[in-house]
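Trainee: Have a peek at start00.cif (mmCIF, C-alpha atoms and all ligand atoms).
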```
data_data
#
loop_
_atom_site.label_atom_id
_atom_site.label_comp_id
_atom_site.auth_asym_id
_atom_site.auth_seq_id
_atom_site.Cartn_x
_atom_site.Cartn_y
_atom_site.Cartn_z
CA MET A 527 34.98 -16.05 -28.71
CA LYS A 528 34.72 -12.63 -27.15
CA GLU A 529 33.57 -9.98 -29.59
CA ARG A 530 36.40 -7.56 -28.89
CA LEU A 531 38.90 -10.09 -30.30
CA LEU A 532 37.78 -8.64 -33.66
CA ASP A 533 40.07 -5.64 -32.99
CA LEU A 534 43.09 -7.92 -33.15
CA LEU A 535 42.04 -10.12 -36.06
CA ALA A 536 43.07 -9.74 -39.71
CA CYS A 537 42.50 -12.04 -42.65
CA PRO A 538 45.38 -14.58 -42.83
CA THR A 539 45.10 -14.59 -46.62
CA CYS A 540 44.88 -10.91 -47.57
CA GLY A 541 45.38 -9.00 -44.29
CA GLY A 542 41.93 -7.36 -44.53
CA ASP A 543 39.72 -6.49 -41.55
CA ILE A 544 37.62 -9.26 -40.09
CA LEU A 545 33.92 -8.76 -39.38
CA LEU A 546 31.42 -10.87 -37.51
CA ALA A 547 29.09 -11.94 -40.34
CA TYR A 548 26.68 -13.64 -37.98
CA ALA A 549 26.53 -15.39 -34.65
CA SER A 550 24.04 -18.20 -34.26
CA LYS A 551 24.67 -19.03 -30.64
CA TYR A 552 25.72 -16.97 -27.63
CA ASP A 553 26.58 -18.32 -24.20
CA ASP A 554 26.85 -15.47 -21.74
CA LYS A 555 29.12 -13.05 -23.63
CA GLU A 556 30.81 -15.77 -25.64
CA ILE A 557 30.02 -16.28 -29.31
CA MET A 558 29.84 -20.07 -29.49
CA ASP A 559 28.99 -20.54 -33.17
CA GLY A 560 29.10 -18.14 -36.05
CA VAL A 561 30.93 -16.93 -39.10
CA LEU A 562 33.66 -14.34 -39.52
CA SER A 563 34.27 -12.76 -42.87
CA CYS A 564 37.00 -10.70 -44.46
CA LYS A 565 35.94 -7.20 -45.48
CA LYS A 566 38.41 -7.19 -48.35
CA CYS A 567 38.40 -10.65 -49.94
CA SER A 568 35.10 -11.97 -48.47
CA ARG A 569 36.67 -15.23 -47.32
CA GLU A 570 34.75 -16.79 -44.43
CA TYR A 571 36.05 -18.39 -41.27
CA LYS A 572 33.90 -20.34 -38.83
CA ILE A 573 33.53 -19.98 -35.09
CA VAL A 574 32.86 -23.44 -33.68
CA GLY A 575 32.53 -24.29 -30.00
CA GLY A 576 33.56 -20.76 -29.03
CA VAL A 577 36.82 -20.87 -30.99
CA PRO A 578 37.44 -19.04 -34.28
CA ARG A 579 38.91 -21.50 -36.79
CA PHE A 580 41.37 -20.13 -39.32
CA ALA A 581 42.98 -23.49 -40.09
CA ASP A 582 41.46 -26.71 -41.28
CA LEU A 583 43.60 -29.72 -40.36
CA ALA A 584 42.21 -31.62 -43.33
CA LYS A 585 43.70 -29.05 -45.71
CA ILE A 586 47.04 -28.49 -44.04
CA GLU A 587 50.43 -29.99 -45.00
CA GLU A 588 50.75 -33.56 -43.72
CA ASP A 589 53.73 -33.02 -41.38
CA LYS A 590 52.15 -30.03 -39.66
CA ALA A 591 48.79 -31.79 -39.35
CA GLU A 592 50.45 -34.87 -37.85
CA THR A 593 52.25 -32.77 -35.23
CA ALA A 594 49.05 -30.89 -34.40
CA GLU A 595 47.06 -34.11 -34.06
CA ASN A 596 49.61 -35.85 -31.85
CA PHE A 597 50.01 -32.88 -29.52
CA GLY A 598 46.27 -32.25 -29.64
CA TRP A 599 45.67 -35.70 -28.18
CA GLN A 600 48.20 -34.96 -25.47
CA TRP A 601 46.55 -31.71 -24.45
CA THR A 602 43.07 -33.18 -24.33
CA HIS A 603 44.27 -36.02 -22.08
CA PHE A 604 46.98 -34.49 -19.88
CA THR A 605 44.72 -31.68 -18.70
CA GLN A 606 46.08 -31.66 -15.14
CA GLU A 607 47.03 -28.39 -13.49
CA ASN A 608 50.24 -28.11 -11.53
CA GLU A 609 51.26 -25.41 -9.09
CA GLN A 610 54.81 -25.64 -10.45
CA TYR A 611 53.70 -24.40 -13.90
CA ALA A 612 54.29 -20.77 -12.92
CA ASP A 613 57.92 -21.31 -11.87
CA GLN A 614 58.57 -23.60 -14.80
CA PHE A 615 57.12 -21.02 -17.19
CA LEU A 616 59.25 -18.21 -15.73
CA GLY A 617 62.31 -20.48 -16.06
CA TRP A 618 61.65 -20.78 -19.79
CA MET A 619 60.83 -17.08 -20.13
CA GLN A 620 64.01 -15.73 -18.52
CA PRO A 621 64.71 -12.84 -18.04
CA VAL A 622 60.98 -11.96 -18.09
CA THR A 623 59.20 -11.70 -14.73
CA ARG A 624 55.50 -11.78 -13.76
CA ASP A 625 55.08 -8.00 -13.66
CA PHE A 626 56.29 -7.73 -17.28
CA PHE A 627 52.82 -8.87 -18.46
CA GLU A 628 50.97 -6.03 -16.74
CA GLY A 629 48.76 -4.10 -19.18
CA LYS A 630 50.23 -5.73 -22.32
CA ILE A 631 48.49 -7.20 -25.35
CA VAL A 632 50.10 -10.63 -25.57
CA LEU A 633 50.24 -13.41 -28.18
CA GLU A 634 51.26 -16.97 -27.37
CA GLY A 635 52.49 -19.00 -30.35
CA GLY A 636 51.36 -22.56 -29.58
CA CYS A 637 49.30 -22.60 -26.39
CA GLY A 638 48.62 -26.36 -26.02
CA LYS A 639 46.14 -26.75 -23.20
CA GLY A 640 46.46 -23.03 -22.40
CA ARG A 641 48.45 -23.18 -19.18
CA HIS A 642 50.78 -20.29 -20.08
CA THR A 643 48.05 -18.21 -21.72
CA LYS A 644 46.18 -18.51 -18.43
CA LEU A 645 49.20 -17.47 -16.35
CA ALA A 646 49.85 -14.43 -18.57
CA ALA A 647 46.21 -13.40 -18.10
CA GLU A 648 46.37 -13.87 -14.34
CA TRP A 649 49.54 -11.79 -14.20
CA GLY A 650 47.72 -8.75 -15.51
CA ALA A 651 47.99 -8.81 -19.30
CA LYS A 652 45.38 -6.57 -20.92
CA GLU A 653 44.55 -9.21 -23.54
CA VAL A 654 46.15 -12.60 -24.19
CA VAL A 655 45.60 -14.53 -27.38
CA GLY A 656 46.64 -18.19 -27.35
CA ILE A 657 46.83 -19.93 -30.71
CA ASP A 658 47.27 -23.56 -31.64
CA LEU A 659 46.79 -25.71 -34.70
CA GLY A 660 45.50 -28.83 -33.02
CA ASP A 661 42.70 -30.01 -30.73
CA GLY A 662 44.57 -28.49 -27.79
CA VAL A 663 42.43 -25.40 -28.46
CA GLU A 664 39.38 -27.22 -27.04
CA SER A 665 41.15 -27.78 -23.69
CA ALA A 666 42.68 -24.30 -23.76
CA TYR A 667 39.28 -22.74 -24.40
CA ALA A 668 37.62 -24.74 -21.61
CA ALA A 669 40.39 -23.76 -19.19
CA THR A 670 40.33 -20.04 -19.98
CA ARG A 671 36.90 -18.94 -21.24
CA HIS A 672 35.97 -17.61 -17.79
CA LEU A 673 38.90 -15.16 -17.93
CA PRO A 674 37.72 -11.86 -19.45
CA ASN A 675 41.12 -11.10 -21.04
CA VAL A 676 41.78 -14.45 -22.79
CA HIS A 677 41.11 -15.42 -26.40
CA ILE A 678 41.83 -18.80 -28.01
CA VAL A 679 42.22 -19.09 -31.78
CA GLN A 680 42.83 -22.14 -33.96
CA CYS A 681 45.30 -21.22 -36.70
CA ASP A 682 48.62 -21.95 -38.36
CA ILE A 683 51.63 -20.13 -36.87
CA TYR A 684 52.85 -19.44 -40.44
CA LYS A 685 49.58 -17.71 -41.34
CA LEU A 686 48.63 -15.78 -38.25
CA PRO A 687 45.21 -14.07 -38.55
CA PHE A 688 46.20 -10.93 -36.65
CA THR A 689 47.04 -7.29 -37.02
CA ARG A 690 50.40 -6.05 -35.80
CA LYS A 691 49.09 -4.77 -32.48
CA PHE A 692 50.80 -6.99 -29.94
CA ASP A 693 53.10 -5.60 -27.24
CA TYR A 694 54.59 -8.97 -26.59
CA ALA A 695 54.70 -12.43 -28.18
CA PHE A 696 56.12 -15.60 -26.73
CA SER A 697 56.48 -19.23 -27.67
CA VAL A 698 57.50 -21.97 -25.29
CA GLY A 699 58.57 -25.38 -26.59
CA VAL A 700 56.62 -25.11 -29.83
CA LEU A 701 58.81 -23.62 -32.56
CA HIS A 702 61.17 -26.62 -32.59
CA HIS A 703 58.20 -28.87 -33.42
CA THR A 704 57.27 -26.94 -36.56
CA PRO A 705 58.72 -27.88 -39.98
CA ASP A 706 60.74 -24.63 -40.14
CA PRO A 707 61.33 -23.21 -36.63
CA LYS A 708 63.06 -20.03 -37.77
CA ARG A 709 60.26 -19.15 -40.19
CA ALA A 710 57.66 -19.76 -37.45
CA PHE A 711 59.61 -17.42 -35.15
CA VAL A 712 59.81 -14.72 -37.83
CA SER A 713 56.07 -15.07 -38.45
CA LEU A 714 55.32 -14.62 -34.74
CA ALA A 715 57.66 -11.61 -34.48
CA GLY A 716 55.78 -10.07 -37.42
CA LYS A 717 52.73 -9.53 -35.20
CA VAL A 718 54.63 -7.55 -32.55
CA LYS A 719 54.49 -3.79 -32.94
CA LYS A 720 57.63 -1.67 -33.08
CA GLY A 721 59.13 -1.31 -29.62
CA GLY A 722 57.37 -4.48 -28.38
CA HIS A 723 59.12 -7.63 -27.20
CA ILE A 724 59.35 -11.32 -28.02
CA SER A 725 60.48 -14.41 -26.08
CA ALA A 726 61.20 -17.92 -27.31
CA TRP A 727 62.31 -21.11 -25.64
CA VAL A 728 63.71 -23.96 -27.74
CA TYR A 729 65.54 -27.27 -27.26
CA GLY A 730 69.30 -26.79 -27.53
CA ALA A 731 71.50 -28.84 -29.85
CA GLU A 732 74.30 -28.64 -27.30
CA ASN A 733 74.28 -31.39 -24.64
CA ASN A 734 71.39 -33.14 -26.36
CA GLU A 735 73.50 -35.20 -28.74
CA TRP A 736 72.45 -38.36 -26.84
CA ILE A 737 68.80 -37.58 -27.61
CA THR A 738 69.45 -37.04 -31.30
CA LYS A 739 71.48 -40.25 -31.37
CA TYR A 740 69.37 -42.63 -29.26
CA VAL A 741 65.89 -41.19 -28.67
CA ASP A 742 65.16 -39.54 -32.02
CA PRO A 743 65.32 -42.71 -34.14
CA VAL A 744 62.82 -44.39 -31.77
CA ARG A 745 60.58 -41.30 -31.80
CA GLU A 746 60.70 -40.78 -35.55
CA GLY A 747 60.39 -44.43 -36.54
CA PHE A 748 58.08 -45.75 -33.87
CA THR A 749 56.57 -43.74 -31.00
CA SER A 750 55.25 -40.85 -33.10
CA LYS A 751 53.64 -43.35 -35.49
CA ILE A 752 51.69 -45.55 -33.08
CA SER A 753 48.31 -44.50 -31.71
CA GLN A 754 48.41 -42.01 -28.86
CA PRO A 755 46.39 -44.24 -26.47
CA MET A 756 48.97 -46.97 -27.06
CA LEU A 757 51.87 -44.56 -26.54
CA TYR A 758 50.13 -43.33 -23.40
CA GLN A 759 50.36 -46.83 -21.93
CA LEU A 760 53.77 -47.70 -23.39
CA SER A 761 55.40 -44.47 -22.18
CA LYS A 762 54.70 -45.47 -18.58
CA LEU A 763 57.70 -47.81 -18.80
CA PRO A 764 60.38 -45.17 -19.57
CA THR A 765 58.56 -42.84 -17.15
CA LEU A 766 59.04 -45.43 -14.40
CA SER A 767 62.80 -45.47 -14.95
CA VAL A 768 62.96 -41.66 -15.09
CA PHE A 769 60.78 -41.43 -11.97
CA LEU A 770 62.88 -43.86 -9.93
CA THR A 771 66.21 -42.40 -11.08
CA THR A 772 65.23 -38.78 -10.42
CA LYS A 773 63.53 -39.50 -7.08
CA LEU A 774 66.07 -42.00 -5.70
CA VAL A 775 69.33 -40.69 -7.16
CA TYR A 776 69.22 -37.13 -8.54
CA ARG A 777 67.06 -35.40 -5.92
CA PRO A 778 68.82 -36.92 -2.87
CA ALA A 779 72.28 -36.40 -4.42
CA ASN A 780 71.53 -32.74 -5.15
CA ILE A 781 70.36 -32.22 -1.58
CA VAL A 782 73.10 -34.04 0.34
CA ALA A 783 76.07 -34.22 -2.03
CA LYS A 784 75.98 -31.30 -4.48
CA PRO A 785 79.62 -31.62 -5.72
CA VAL A 786 79.02 -35.29 -6.59
CA ALA A 787 75.60 -34.54 -8.12
CA LYS A 788 77.13 -31.96 -10.44
CA ARG A 789 79.10 -34.73 -12.10
CA LEU A 790 76.03 -36.87 -12.78
CA PHE A 791 74.83 -37.25 -16.36
CA TYR A 792 72.38 -34.45 -17.36
CA ASN A 793 72.18 -33.35 -13.73
CA ASP A 794 70.59 -29.90 -14.03
CA TYR A 795 67.69 -31.18 -16.08
CA LEU A 796 67.11 -34.50 -14.30
CA ASN A 797 67.31 -32.82 -10.90
CA HIS A 798 64.71 -30.31 -12.11
CA LEU A 799 62.55 -33.15 -13.47
CA GLY A 800 62.78 -34.82 -10.05
CA THR A 801 60.79 -31.98 -8.50
CA PHE A 802 57.69 -33.16 -10.44
CA GLY A 803 55.35 -35.98 -9.51
CA TRP A 804 54.42 -39.03 -11.60
CA ARG A 805 51.65 -37.44 -13.67
CA GLU A 806 53.79 -34.52 -14.83
CA GLN A 807 56.81 -36.74 -15.53
CA HIS A 808 54.59 -39.06 -17.58
CA ASN A 809 53.38 -36.01 -19.50
CA ILE A 810 56.98 -34.89 -20.17
CA VAL A 811 58.15 -38.34 -21.33
CA PHE A 812 55.05 -38.69 -23.53
CA ASP A 813 55.72 -35.22 -24.94
CA HIS A 814 59.25 -36.22 -25.96
CA LEU A 815 58.05 -39.38 -27.71
CA VAL A 816 54.89 -38.16 -29.46
CA ALA A 817 56.31 -35.42 -31.71
CA PRO A 818 56.79 -36.39 -35.37
CA THR A 819 59.08 -33.34 -35.81
CA ALA A 820 61.67 -32.04 -33.34
CA PHE A 821 64.65 -29.82 -34.03
CA TYR A 822 67.52 -29.23 -31.62
CA VAL A 823 68.74 -25.68 -32.14
CA SER A 824 72.39 -24.65 -31.71
CA LYS A 825 73.22 -21.31 -30.12
CA GLU A 826 74.63 -20.13 -33.44
CA ASP A 827 71.36 -20.91 -35.24
CA PHE A 828 69.29 -19.38 -32.46
CA VAL A 829 71.33 -16.16 -32.62
CA SER A 830 70.65 -15.98 -36.36
CA TRP A 831 66.87 -15.98 -35.69
CA TRP A 832 67.22 -12.79 -33.64
CA GLU A 833 69.42 -11.22 -36.30
CA GLU A 834 66.80 -12.08 -38.91
CA ILE A 835 64.09 -10.06 -37.11
CA LYS A 836 66.64 -7.30 -36.31
CA ALA A 837 65.82 -7.49 -32.60
CA LYS A 838 67.49 -5.13 -30.16
CA ASP A 839 68.95 -5.79 -26.70
CA VAL A 840 68.77 -9.54 -27.23
CA GLU A 841 69.45 -11.78 -24.25
CA ILE A 842 70.14 -15.45 -24.82
CA ILE A 843 70.19 -17.63 -21.73
CA TRP A 844 71.26 -21.27 -21.39
CA HIS A 845 68.57 -23.11 -19.41
CA ASN A 846 69.06 -26.36 -17.45
CA GLN A 847 72.15 -27.05 -19.59
CA ASN A 848 69.93 -28.27 -22.43
CA SER A 849 67.86 -25.45 -23.94
CA TRP A 850 67.86 -21.81 -25.01
CA CYS A 851 65.75 -18.92 -23.74
CA GLY A 852 65.76 -15.78 -25.88
CA PHE A 853 64.31 -12.33 -25.30
CA GLY A 854 64.57 -9.18 -27.38
CA GLN A 855 62.91 -5.99 -28.56
CA ILE A 856 61.38 -5.54 -31.99
ZN ZN A 901 40.87 -11.48 -46.85
#
```
Could you show the structure in this file as structure tokens?
Ligand SMILES: [Zn+2]
Mentor:
Amino acid sequence: MKERLLDLLACPTCGGDILLAYASKYDDKEIMDGVLSCKKCSREYKIVGGVPRFADLAKIEEDKAETAENFGWQWTHFTQENEQYADQFLGWMQPVTRDFFEGKIVLEGGCGKGRHTKLAAEWGAKEVVGIDLGDGVESAYAATRHLPNVHIVQCDIYKLPFTRKFDYAFSVGVLHHTPDPKRAFVSLAGKVKKGGHISAWVYGAENNEWITKYVDPVREGFTSKISQPMLYQLSKLPTLSVFLTTKLVYRPANIVAKPVAKRLFYNDYLNHLGTFGWREQHNIVFDHLVAPTAFYVSKEDFVSWWEEIKAKDVEIIWHNQNSWCGFGQI
């Protein structure tokens, strides 16, 4: 943890200022182990392995802890980097562009292994704070600690330990895996200062009826319950069929016979998926099967989230015919 993160922290319980009570181990400028304490209520929060810990998985509601654990395993095992992450990220963040991050204090709600936190930092954000509930924070911290403007915090998105100082908050593919996506979104928006902006990307209900009908029962009843190492192996089978279909049918069809390709099932998304190699496709298939909780959000519901936070100039964009990107001003 970098000491200047203290400027952005606030007690998640009472909102009081957070102080560094003591640091027992420094590594370069990073506080590796120590204790933070609230000036107002005196509650203490540990810094372990360079990451301040405001949530204890052992004390958190079972459904949230299960989601955090399953995704945590994913982000400590699928730690690959991919040059396509930047384009993929900007696809989800539409209409935001790289230069939007310049000079901003940014909060990412659910950073996983930190790939988007890292991009935001590289694109010129003044400070970027990536939060997550699960073990993903260990990978995120390892991947970003060398960047002077990045901070990783372990906490619950419903109880964010921050002051309202952020210019921009975003959340990509995370809110729909929380028990109450709208409430998580409202919580994140609550840390953005007046005049700042927020982006969110969520699974759409529209066009995903086949997933809710055929994939969800398998995910809920089986694949999210088995051990992650077992799912890692087992998910290679559906990945193989996705890999062959996207590489042998969707990609060629979209290159040589666009009008025909447009009529293929789920074409926009599967054609997009076909641009990735095996490792990334395996990661995506695993991701779809590992989550204990997943909501598919209709446009109507999504619009109501933005109304709830009274956002201005809201833009809602339909992405790959299967998900929603939203952007607005607080
Ligand atoms: Zn407090």
Trainee: Show me the residues around (50.7, -43.4, -20.5) - criterion: an atom at most 10 Å away, all atoms listed in the file counted - as a PyMOL selection string.
Mentor: chain A and resi 603-604+754-765+805+808-809+811-812
Trainee: Might you pull out every residue within 12 Å of A:Val829, with all atoms listed in the file counted and same-chain residues fewer than 2 positions away left off, and present them as a ChimeraX atom specification?
Mentor: /A:708,726,728,730,823-827,831-838,840-843,850-854
Trainee: Considering all atoms listed in the file, return as a PyMOL selection string whatever protein or nucleic-acid residues lie within 9 Å of stretch 640-654 of chain A, sequence-local ones (same chain, fewer than 5 positions apart) excluded.
Mentor: chain A and resi 531+601+607+611-612+615+624-634+662-663+665-667+669-670+673-678+698
Trainee: I want to know what sits within 7 Å of stretch 550-559 of chain A, based on only C-alpha atoms, with residues of the same chain fewer than 2 positions away left out; could you give that as JSON, numbers by chain?
Mentor: {"A": [527, 528, 548, 573, 574, 575, 576]}
Trainee: Just how far from atom CA of A:Leu535 is atom CA of A:Phe696, in Å to one decimal?
Mentor: 17.8 Å
Trainee: Using all atoms listed in the file, find each residue with an atom at most 8 Å away from ligand ZN 901 (chain A) and format the answer as a short mmCIF file (atom, residue, chain, number, x, y, z; two decimals) with C-alpha atoms, in the frame of the given file.
Mentor:
```
data_model
loop_
_atom_site.label_atom_id
_atom_site.label_comp_id
_atom_site.auth_asym_id
_atom_site.auth_seq_id
_atom_site.Cartn_x
_atom_site.Cartn_y
_atom_site.Cartn_z
CA ALA A 536 43.07 -9.74 -39.71
CA CYS A 537 42.50 -12.04 -42.65
CA PRO A 538 45.38 -14.58 -42.83
CA THR A 539 45.10 -14.59 -46.62
CA CYS A 540 44.88 -10.91 -47.57
CA GLY A 541 45.38 -9.00 -44.29
CA GLY A 542 41.93 -7.36 -44.53
CA ASP A 543 39.72 -6.49 -41.55
CA ILE A 544 37.62 -9.26 -40.09
CA SER A 563 34.27 -12.76 -42.87
CA CYS A 564 37.00 -10.70 -44.46
CA LYS A 565 35.94 -7.20 -45.48
CA LYS A 566 38.41 -7.19 -48.35
CA CYS A 567 38.40 -10.65 -49.94
CA SER A 568 35.10 -11.97 -48.47
CA ARG A 569 36.67 -15.23 -47.32
#
```
Trainee: Take atom CA of A:Asp839 and atom CA of A:Pro621 and report the distance between them in Å, one decimal.
Mentor: 11.9 Å
Trainee: Take atom CA of A:Glu735 and atom CA of A:Ala779 and report the distance between them in Å, one decimal.
Mentor: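 Interatomic distance, atom CA of A:Glu735 to atom CA of A:Ala779: 24.4 Å.
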Trainee: For a quick check of understanding, using only C-alpha atoms, which of A:Ala787, A:Val718, A:Cys681, A:Ala668 has the smallest distance to A:Leu583?
Mentor: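 Ranking A:Ala787, A:Val718, A:Cys681, A:Ala668 by distance to A:Leu583, first place goes to A:Cys681.
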Trainee: Give me the box for stretch 687-691 of chain A as lines of an AutoDock Vina configuration file, namely the centre and edge lengths in Å to one decimal of a box along x, y and z that holds every listed atom plus 4 Å on each side.
Mentor:
```
center_x = 47.8
center_y = -9.4
center_z = -35.5
size_x = 13.2
size_y = 17.3
size_z = 14.1
```
Trainee: So which residues fall inside 7 Å of (56.8, -35.9, -33.5) if we count only C-alpha atoms? Mind giving them as an MDAnalysis selection string?
Mentor: chainID A and resid 593 745:746 750 815:820
Trainee: For each of A:Ala581, A:Asn596, A:Gly722, A:Ala783, take the minimum atom-to-atom distance to A:Lys751, counting only C-alpha atoms, then give the residue where this is smallest.
Mentor: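 Looking at the shortest contact to A:Lys751, the residue is A:Asn596.
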Trainee: Find the residues around A:Arg777 up to 12 Å (only C-alpha atoms counted), leave out those fewer than 3 positions away in its own chain, and share them as a PyMOL selection string.
Mentor: chain A and resi 768-774+780-784+786-788+790+793-802
Trainee: Between A:Asp693, A:Asp682, A:Asp589, A:Glu570, which is the closest to A:Pro705 once you count all atoms listed in the file?
Mentor: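 Of A:Asp693, A:Asp682, A:Asp589, A:Glu570, the one nearest A:Pro705 is A:Asp589, counting all atoms listed in the file.
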